[in-house]
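Colleague: This is work.cif (mmCIF, N, CA and C atoms).
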```
data_query
loop_
_atom_site.label_atom_id
_atom_site.label_comp_id
_atom_site.auth_asym_id
_atom_site.auth_seq_id
_atom_site.Cartn_x
_atom_site.Cartn_y
_atom_site.Cartn_z
N MET A 685 -14.69 -10.51 0.69
CA MET A 685 -14.80 -9.14 1.13
C MET A 685 -13.61 -8.35 0.59
N ARG A 686 -13.86 -7.14 0.18
CA ARG A 686 -12.79 -6.27 -0.31
C ARG A 686 -12.22 -5.44 0.83
N VAL A 687 -10.89 -5.40 0.88
CA VAL A 687 -10.20 -4.60 1.89
C VAL A 687 -9.41 -3.53 1.16
N LYS A 688 -9.65 -2.27 1.53
CA LYS A 688 -8.91 -1.17 0.93
C LYS A 688 -7.54 -1.06 1.59
N VAL A 689 -6.52 -0.91 0.76
CA VAL A 689 -5.17 -0.61 1.24
C VAL A 689 -5.02 0.90 1.09
N VAL A 690 -4.72 1.59 2.17
CA VAL A 690 -4.61 3.05 2.12
C VAL A 690 -3.20 3.51 2.44
N MET A 691 -2.86 4.69 1.89
CA MET A 691 -1.56 5.29 2.19
C MET A 691 -1.49 5.52 3.69
N PRO A 692 -0.48 4.96 4.34
CA PRO A 692 -0.40 5.08 5.81
C PRO A 692 0.01 6.47 6.26
N LYS A 693 -0.25 6.76 7.51
CA LYS A 693 0.23 7.98 8.16
C LYS A 693 1.16 7.53 9.28
N TRP A 694 2.46 7.56 9.01
CA TRP A 694 3.45 7.04 9.96
C TRP A 694 3.95 8.07 10.95
N GLY A 695 3.52 9.30 10.83
CA GLY A 695 3.95 10.33 11.77
C GLY A 695 3.08 11.56 11.62
N THR A 696 3.12 12.43 12.62
CA THR A 696 2.26 13.61 12.60
C THR A 696 2.60 14.55 11.46
N GLY A 697 3.84 14.56 11.02
CA GLY A 697 4.25 15.45 9.94
C GLY A 697 4.08 14.85 8.55
N MET A 698 3.62 13.61 8.47
CA MET A 698 3.47 12.95 7.17
C MET A 698 2.12 13.32 6.55
N ASN A 699 2.18 13.94 5.37
CA ASN A 699 0.96 14.32 4.67
C ASN A 699 0.77 13.55 3.38
N GLU A 700 1.86 13.01 2.82
CA GLU A 700 1.78 12.23 1.60
C GLU A 700 2.94 11.24 1.55
N GLY A 701 2.83 10.30 0.63
CA GLY A 701 3.88 9.31 0.42
C GLY A 701 3.93 8.95 -1.06
N THR A 702 5.07 8.39 -1.45
CA THR A 702 5.28 7.98 -2.84
C THR A 702 5.53 6.48 -2.89
N VAL A 703 4.85 5.80 -3.80
CA VAL A 703 5.10 4.37 -3.99
C VAL A 703 6.44 4.21 -4.70
N VAL A 704 7.38 3.56 -4.03
CA VAL A 704 8.69 3.29 -4.63
C VAL A 704 8.62 2.00 -5.44
N LYS A 705 8.05 0.95 -4.80
CA LYS A 705 7.99 -0.35 -5.48
C LYS A 705 6.87 -1.20 -4.89
N TRP A 706 6.05 -1.76 -5.76
CA TRP A 706 5.07 -2.75 -5.33
C TRP A 706 5.78 -4.09 -5.22
N LEU A 707 5.66 -4.75 -4.10
CA LEU A 707 6.29 -6.05 -3.87
C LEU A 707 5.37 -7.19 -4.30
N LYS A 708 4.11 -6.89 -4.55
CA LYS A 708 3.13 -7.83 -5.06
C LYS A 708 2.45 -7.19 -6.27
N ALA A 709 1.94 -8.03 -7.18
CA ALA A 709 1.25 -7.56 -8.37
C ALA A 709 -0.21 -7.99 -8.31
N VAL A 710 -1.02 -7.41 -9.18
CA VAL A 710 -2.42 -7.82 -9.29
C VAL A 710 -2.46 -9.32 -9.60
N GLY A 711 -3.28 -10.04 -8.85
CA GLY A 711 -3.39 -11.49 -9.01
C GLY A 711 -2.54 -12.27 -8.03
N ASP A 712 -1.60 -11.61 -7.36
CA ASP A 712 -0.75 -12.29 -6.37
C ASP A 712 -1.49 -12.47 -5.06
N ARG A 713 -1.21 -13.60 -4.41
CA ARG A 713 -1.73 -13.86 -3.07
C ARG A 713 -0.82 -13.19 -2.06
N VAL A 714 -1.41 -12.64 -1.02
CA VAL A 714 -0.66 -11.98 0.04
C VAL A 714 -1.25 -12.40 1.39
N GLU A 715 -0.40 -12.52 2.37
CA GLU A 715 -0.84 -12.85 3.74
C GLU A 715 -0.79 -11.59 4.59
N ALA A 716 -1.72 -11.47 5.52
CA ALA A 716 -1.72 -10.32 6.43
C ALA A 716 -0.36 -10.22 7.12
N GLY A 717 0.21 -9.03 7.13
CA GLY A 717 1.51 -8.82 7.75
C GLY A 717 2.68 -8.98 6.80
N GLU A 718 2.43 -9.54 5.62
CA GLU A 718 3.47 -9.69 4.60
C GLU A 718 3.74 -8.33 3.96
N MET A 719 4.99 -8.07 3.60
CA MET A 719 5.33 -6.80 2.98
C MET A 719 4.67 -6.68 1.61
N LEU A 720 4.00 -5.56 1.39
CA LEU A 720 3.20 -5.35 0.18
C LEU A 720 3.79 -4.29 -0.74
N VAL A 721 4.29 -3.19 -0.16
CA VAL A 721 4.72 -2.05 -0.96
C VAL A 721 5.77 -1.24 -0.19
N GLU A 722 6.70 -0.63 -0.94
CA GLU A 722 7.67 0.29 -0.35
C GLU A 722 7.15 1.71 -0.55
N ILE A 723 7.09 2.46 0.54
CA ILE A 723 6.58 3.84 0.52
C ILE A 723 7.70 4.78 0.95
N GLU A 724 7.89 5.85 0.18
CA GLU A 724 8.87 6.88 0.52
C GLU A 724 8.14 8.10 1.08
N THR A 725 8.64 8.60 2.21
CA THR A 725 8.12 9.83 2.79
C THR A 725 9.24 10.86 2.73
N SER A 726 9.00 12.04 3.25
CA SER A 726 10.04 13.07 3.25
C SER A 726 11.22 12.69 4.13
N LYS A 727 11.02 11.74 5.04
CA LYS A 727 12.08 11.38 5.99
C LYS A 727 12.72 10.02 5.76
N SER A 728 11.99 9.08 5.14
CA SER A 728 12.54 7.73 4.99
C SER A 728 11.73 6.92 3.98
N THR A 729 12.25 5.72 3.68
CA THR A 729 11.52 4.75 2.87
C THR A 729 11.26 3.54 3.75
N GLN A 730 9.99 3.10 3.79
CA GLN A 730 9.62 1.98 4.64
C GLN A 730 8.74 1.01 3.85
N GLU A 731 8.74 -0.23 4.30
CA GLU A 731 7.85 -1.22 3.70
C GLU A 731 6.55 -1.26 4.49
N MET A 732 5.45 -1.34 3.75
CA MET A 732 4.12 -1.39 4.37
C MET A 732 3.60 -2.82 4.31
N GLU A 733 3.01 -3.28 5.40
CA GLU A 733 2.46 -4.63 5.47
C GLU A 733 1.05 -4.67 4.88
N ALA A 734 0.69 -5.83 4.36
CA ALA A 734 -0.67 -6.04 3.88
C ALA A 734 -1.61 -6.06 5.08
N PRO A 735 -2.76 -5.36 5.00
CA PRO A 735 -3.68 -5.33 6.12
C PRO A 735 -4.55 -6.57 6.25
N ALA A 736 -4.55 -7.44 5.22
CA ALA A 736 -5.40 -8.63 5.23
C ALA A 736 -4.81 -9.69 4.32
N SER A 737 -5.24 -10.93 4.50
CA SER A 737 -4.84 -12.03 3.61
C SER A 737 -5.84 -12.13 2.47
N GLY A 738 -5.32 -12.41 1.28
CA GLY A 738 -6.18 -12.57 0.12
C GLY A 738 -5.41 -12.37 -1.16
N VAL A 739 -6.11 -11.93 -2.20
CA VAL A 739 -5.51 -11.71 -3.51
C VAL A 739 -5.57 -10.22 -3.85
N VAL A 740 -4.45 -9.68 -4.32
CA VAL A 740 -4.41 -8.28 -4.75
C VAL A 740 -5.23 -8.18 -6.04
N THR A 741 -6.31 -7.39 -6.01
CA THR A 741 -7.19 -7.28 -7.17
C THR A 741 -7.05 -5.96 -7.90
N GLU A 742 -6.53 -4.94 -7.21
CA GLU A 742 -6.33 -3.63 -7.84
C GLU A 742 -5.10 -2.96 -7.26
N ILE A 743 -4.34 -2.31 -8.12
CA ILE A 743 -3.29 -1.38 -7.70
C ILE A 743 -3.66 -0.05 -8.33
N LEU A 744 -4.03 0.90 -7.50
CA LEU A 744 -4.54 2.18 -7.97
C LEU A 744 -3.48 3.28 -8.06
N LEU A 745 -2.35 3.10 -7.38
CA LEU A 745 -1.29 4.10 -7.40
C LEU A 745 -0.02 3.46 -7.95
N PRO A 746 0.37 3.82 -9.17
CA PRO A 746 1.55 3.21 -9.78
C PRO A 746 2.85 3.63 -9.09
N GLU A 747 3.89 2.86 -9.33
CA GLU A 747 5.21 3.20 -8.80
C GLU A 747 5.62 4.58 -9.28
N GLY A 748 6.21 5.34 -8.37
CA GLY A 748 6.67 6.69 -8.69
C GLY A 748 5.61 7.77 -8.46
N GLU A 749 4.38 7.36 -8.19
CA GLU A 749 3.29 8.33 -7.97
C GLU A 749 3.13 8.62 -6.48
N GLU A 750 2.69 9.84 -6.19
CA GLU A 750 2.49 10.31 -4.82
C GLU A 750 1.01 10.43 -4.52
N ALA A 751 0.65 10.21 -3.25
CA ALA A 751 -0.74 10.37 -2.82
C ALA A 751 -0.76 10.86 -1.38
N GLU A 752 -1.85 11.51 -1.02
CA GLU A 752 -2.04 11.96 0.35
C GLU A 752 -2.31 10.76 1.25
N VAL A 753 -2.01 10.91 2.55
CA VAL A 753 -2.28 9.85 3.50
C VAL A 753 -3.77 9.50 3.47
N ARG A 754 -4.06 8.26 3.73
CA ARG A 754 -5.41 7.68 3.76
C ARG A 754 -6.08 7.58 2.39
N THR A 755 -5.29 7.79 1.32
CA THR A 755 -5.81 7.59 -0.04
C THR A 755 -5.84 6.11 -0.34
N HIS A 756 -6.90 5.62 -0.96
CA HIS A 756 -7.04 4.22 -1.38
C HIS A 756 -6.03 3.95 -2.49
N ILE A 757 -5.03 3.06 -2.22
CA ILE A 757 -3.98 2.81 -3.21
C ILE A 757 -4.03 1.41 -3.81
N ALA A 758 -4.75 0.49 -3.18
CA ALA A 758 -4.86 -0.88 -3.69
C ALA A 758 -6.04 -1.57 -3.01
N THR A 759 -6.41 -2.73 -3.56
CA THR A 759 -7.51 -3.52 -2.99
C THR A 759 -7.08 -4.97 -2.87
N ILE A 760 -7.45 -5.58 -1.75
CA ILE A 760 -7.22 -7.01 -1.52
C ILE A 760 -8.58 -7.68 -1.36
N GLU A 761 -8.81 -8.74 -2.11
CA GLU A 761 -10.04 -9.54 -1.97
C GLU A 761 -9.72 -10.69 -1.02
N THR A 762 -10.42 -10.72 0.12
CA THR A 762 -10.15 -11.76 1.11
C THR A 762 -10.89 -13.04 0.76
N ASP A 763 -10.51 -14.13 1.40
CA ASP A 763 -11.13 -15.43 1.16
C ASP A 763 -12.53 -15.52 1.72
#
```
Now, as a test, write the supplied structure out as structure tokens.

Modeller:
Amino acid sequence: MRVKVVMPKWGTGMNEGTVVKWLKAVGDRVEAGEMLVEIETSKSTQEMEAPASGVVTEILLPEGEEAEVRTHIATIETD
């Protein structure tokens, strides 16, 4: 099953975020709750956890790029 990774909304004032660094690459295995990506907002930089266990099959938002909250930024294929 494919699980969409979306830009999180960590606060009421957050409308977009920027990918600072992907901690996993396409083809890497990730466990649910494991840190997947660093996201910068207007107030801070935080690490986002993987929403599911599986293999990262797509990274749709490159490092340094910005996207609105709830935008599909990556895909994880579960077991």

Colleague: Kindly indicate which residue among A:Glu747, A:Asp712, A:Glu761, A:Glu752 lies nearest to A:Pro735, using only C-alpha atoms for the distances.

Modeller: A:Glu761

Colleague: Return as a PyMOL selection string the set of residues that the PyMOL selection byres (((chain A and resi 739 and name CA) around 7) and name CA) yields on the displayed structure.

Modeller: chain A and resi 711-714+738+740-741+760-762

Colleague: Give me the result of the PyMOL selection byres ((chain A and resi 698) around 8) on this file, residue by residue, as a list in words.

Modeller: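 So the PyMOL selection byres ((chain A and resi 698) around 8), applied here, picks out Pro692, Lys693, Trp694, Gly695, Thr696, Gly697, Asn699, Glu700, Gly701, Thr725, Ser726, Lys727, Glu752 and Val753 of chain A.
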
Colleague: Carefully work through the PyMOL selection byres ((chain A and resi 734) around 6.5) for this structure and note down the residues it includes, as an NGL selection string.

Modeller: :A and (715-721 or 732-733 or 735-737)

Colleague: Just list as number ranges by chain whatever in chain A DSSP marks as strand (DSSP E or B).

Modeller: A: 686-690, 700-706, 713-714, 719-724, 729-733, 738-743, 750-752, 756-761

Colleague: Tell me which of A:Arg686, A:Ile757, A:Glu724, A:Trp706 sits closest to A:Leu745, counting all atoms listed in the file.

Modeller: A:Ile757

Colleague: From the list A:Leu744, A:Val710, A:Val704, A:Ala751, which residue is nearest A:Met691 when using only C-alpha atoms?

Modeller: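 Closest residue, counting only C-alpha atoms: A:Ala751.
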
Colleague: Calculated over all atoms listed in the file, which of the candidates A:Val703, A:Val690, A:Ala709, A:Met685 has the smallest distance to A:Glu750?

Modeller: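 Once distances to A:Glu750 are computed over all atoms listed in the file, the minimum belongs to A:Val703.
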
Colleague: Atom CA of A:Val687 and atom C of A:Asp763 are how many Å apart?

Modeller: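 The value is 11.2 Å.
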